[in-house]
Amino acid sequence: MTTSRSLILLAIIIYSCTLLWIEWSTSQDYVRNFFTDIKGDVLFYAVNTTLSAFILWSTALLFGICLLFVDRVQQPREFFFCLSQTIIFAYLGIDERFLLHENLGYWLHRNDAYLLLGLGFIELGLLTWLGNVRQRSHKAQVFLISAAVLFASMIFIDAKLPSRLLFRLSLEDLTKLWADLCLALFAWEILLEKINRLKSINESNLIR
C-alpha cells in the first residue's frame, strides 16, 4: 500500500474512532449533529453550496491524479504545482461547506470577501511561480482566464453591492459556481495533456 493510501486510511480510521468516542462519551442525540443530513424547508435545500463543494473537491481530485503522471525528481516544479492545487482546492471545498472564511471574518471583524481575495492572490502567485501557464493548452488558458474574471466578479459583488439588492445573492453564488466549474475544466485540461503525452510516449515505444 502506498504512503498516500495509508495516510487516507489512517485519517478515516481516526475520524471513525473519534465519532464513536463522541457518541460513547456523550449521547446519540449529540453525535447526530455530525451525522445529520442537510435538509431544509424546500426540496434541493443548499443545492448550490453542495454543488460548489463537489466541484471544488473534484478539482482537487483531478490535480491529485495529475501527480501520478509527474516525476518528482525530473519535474519538481510541476509536481509542487499539482500538489499545491490539490491542497488548495481540497481546502476551498472544506471552506465552502463549513464557512471557514466567513467565520474567520466574523472573528476578525473584517469583510470575509477580502479574506477570500487574499487566497485568490496566493493562487495567482502559485500559477505564476509554478503553473507554467503559458505552456498550457489554449483551452486550459481560456478556462483559467474565465475563472479569474468570474472570481473577481464574485468578490466585487460580495464586497461592494448592497446585501438586499435584487439578484445580488444569486449573482454572487452563481459567479462563484461558474468560477469553480472553469477551474475544474482547467484541471481537466491539464490532466488530458498528461494522458496524451503518456499515450504519445507509449506509441513511440511501440513503433520502435
# chains A, B, ... in the order shown; residues from 1 in each chain; ligands from 1
>>> select_by_dssp(residues="region 45-121 of chain A", states="alpha helix (DSSP H)", output="ChimeraX atom specification")
/A:47-66,76-98,100-108,112-121
>>> write_last_selection(atoms="C-alpha atoms", output="PDB file, in the first residue's frame")
ATOM      1  CA  VAL A  47     -28.041  22.664  -3.547  1.00  0.00           C
ATOM      2  CA  ASN A  48     -25.689  25.412  -4.778  1.00  0.00           C
ATOM      3  CA  THR A  49     -23.321  25.010  -1.834  1.00  0.00           C
ATOM      4  CA  THR A  50     -23.389  21.235  -2.267  1.00  0.00           C
ATOM      5  CA  LEU A  51     -22.665  21.522  -5.990  1.00  0.00           C
ATOM      6  CA  SER A  52     -19.906  24.087  -5.465  1.00  0.00           C
ATOM      7  CA  ALA A  53     -18.182  21.989  -2.794  1.00  0.00           C
ATOM      8  CA  PHE A  54     -18.459  18.911  -5.031  1.00  0.00           C
ATOM      9  CA  ILE A  55     -16.811  20.738  -7.947  1.00  0.00           C
ATOM     10  CA  LEU A  56     -14.014  22.090  -5.743  1.00  0.00           C
ATOM     11  CA  TRP A  57     -13.245  18.645  -4.323  1.00  0.00           C
ATOM     12  CA  SER A  58     -13.422  17.184  -7.834  1.00  0.00           C
ATOM     13  CA  THR A  59     -10.840  19.750  -8.927  1.00  0.00           C
ATOM     14  CA  ALA A  60      -8.599  18.704  -6.043  1.00  0.00           C
ATOM     15  CA  LEU A  61      -9.018  15.075  -7.126  1.00  0.00           C
ATOM     16  CA  LEU A  62      -8.104  15.889 -10.746  1.00  0.00           C
ATOM     17  CA  PHE A  63      -4.900  17.607  -9.646  1.00  0.00           C
ATOM     18  CA  GLY A  64      -4.217  14.688  -7.316  1.00  0.00           C
ATOM     19  CA  ILE A  65      -4.476  12.316 -10.278  1.00  0.00           C
ATOM     20  CA  CYS A  66      -2.115  14.604 -12.206  1.00  0.00           C
ATOM     21  CA  PRO A  76       9.813  19.225  -9.354  1.00  0.00           C
ATOM     22  CA  ARG A  77       8.102  22.452 -10.436  1.00  0.00           C
ATOM     23  CA  GLU A  78       5.155  20.613 -11.987  1.00  0.00           C
ATOM     24  CA  PHE A  79       4.968  18.228  -9.034  1.00  0.00           C
ATOM     25  CA  PHE A  80       4.721  21.013  -6.452  1.00  0.00           C
ATOM     26  CA  PHE A  81       2.231  22.904  -8.641  1.00  0.00           C
ATOM     27  CA  CYS A  82      -0.144  19.923  -8.815  1.00  0.00           C
ATOM     28  CA  LEU A  83       0.388  19.237  -5.101  1.00  0.00           C
ATOM     29  CA  SER A  84      -0.349  22.863  -4.177  1.00  0.00           C
ATOM     30  CA  GLN A  85      -3.515  22.837  -6.301  1.00  0.00           C
ATOM     31  CA  THR A  86      -4.684  19.603  -4.704  1.00  0.00           C
ATOM     32  CA  ILE A  87      -4.271  21.145  -1.245  1.00  0.00           C
ATOM     33  CA  ILE A  88      -5.838  24.500  -2.152  1.00  0.00           C
ATOM     34  CA  PHE A  89      -8.935  23.074  -3.800  1.00  0.00           C
ATOM     35  CA  ALA A  90      -9.414  20.490  -1.066  1.00  0.00           C
ATOM     36  CA  TYR A  91      -9.309  23.382   1.414  1.00  0.00           C
ATOM     37  CA  LEU A  92     -11.687  25.508  -0.680  1.00  0.00           C
ATOM     38  CA  GLY A  93     -14.189  22.661  -0.726  1.00  0.00           C
ATOM     39  CA  ILE A  94     -13.979  22.455   3.068  1.00  0.00           C
ATOM     40  CA  ASP A  95     -14.293  26.253   3.279  1.00  0.00           C
ATOM     41  CA  GLU A  96     -17.374  26.193   1.048  1.00  0.00           C
ATOM     42  CA  ARG A  97     -19.049  23.505   3.123  1.00  0.00           C
ATOM     43  CA  PHE A  98     -18.097  24.728   6.600  1.00  0.00           C
ATOM     44  CA  LEU A 100     -14.339  28.856   7.329  1.00  0.00           C
ATOM     45  CA  HIS A 101     -13.526  32.270   5.863  1.00  0.00           C
ATOM     46  CA  GLU A 102     -16.954  33.643   6.857  1.00  0.00           C
ATOM     47  CA  ASN A 103     -16.363  32.659  10.482  1.00  0.00           C
ATOM     48  CA  LEU A 104     -12.806  33.980  10.368  1.00  0.00           C
ATOM     49  CA  GLY A 105     -14.066  37.303   9.013  1.00  0.00           C
ATOM     50  CA  TYR A 106     -16.611  37.472  11.820  1.00  0.00           C
ATOM     51  CA  TRP A 107     -13.951  36.817  14.468  1.00  0.00           C
ATOM     52  CA  LEU A 108     -11.562  39.359  12.953  1.00  0.00           C
ATOM     53  CA  ASP A 112     -14.848  37.948   4.661  1.00  0.00           C
ATOM     54  CA  ALA A 113     -14.751  38.653   0.910  1.00  0.00           C
ATOM     55  CA  TYR A 114     -11.296  40.196   1.317  1.00  0.00           C
ATOM     56  CA  LEU A 115     -10.030  37.068   3.096  1.00  0.00           C
ATOM     57  CA  LEU A 116     -11.105  35.034   0.092  1.00  0.00           C
ATOM     58  CA  LEU A 117      -9.428  37.611  -2.133  1.00  0.00           C
ATOM     59  CA  GLY A 118      -6.191  37.024  -0.214  1.00  0.00           C
ATOM     60  CA  LEU A 119      -6.412  33.326  -1.020  1.00  0.00           C
ATOM     61  CA  GLY A 120      -7.001  34.326  -4.631  1.00  0.00           C
ATOM     62  CA  PHE A 121      -3.697  36.227  -4.615  1.00  0.00           C
TER      63      PHE A 121
END
>>> residues_around(residues="Val133 (chain A)", least_positions_apart="6", cutoff="12 Å", atoms="only C-alpha atoms", output="VMD selection string")
chain A and resid 78 81 124 to 127 139 to 145 186 to 187 189 to 190
>>> residues_around(residues="region 154-167 of chain A", least_positions_apart="2", cutoff="9 Å", atoms="only C-alpha atoms", output="list in words")
Asn111, Asp112, Ala113, Tyr114, Leu116, Leu117, Val149, Leu150, Phe151, Ala152, Leu169, Ser170, Leu171, Glu172, Asp173, Leu174, Thr175, Lys176 and Ala179 of chain A
>>> atom_distance(atom1="CA of Leu68 (chain A)", atom2="CA of Lys194 (chain A)")
9.6 Å
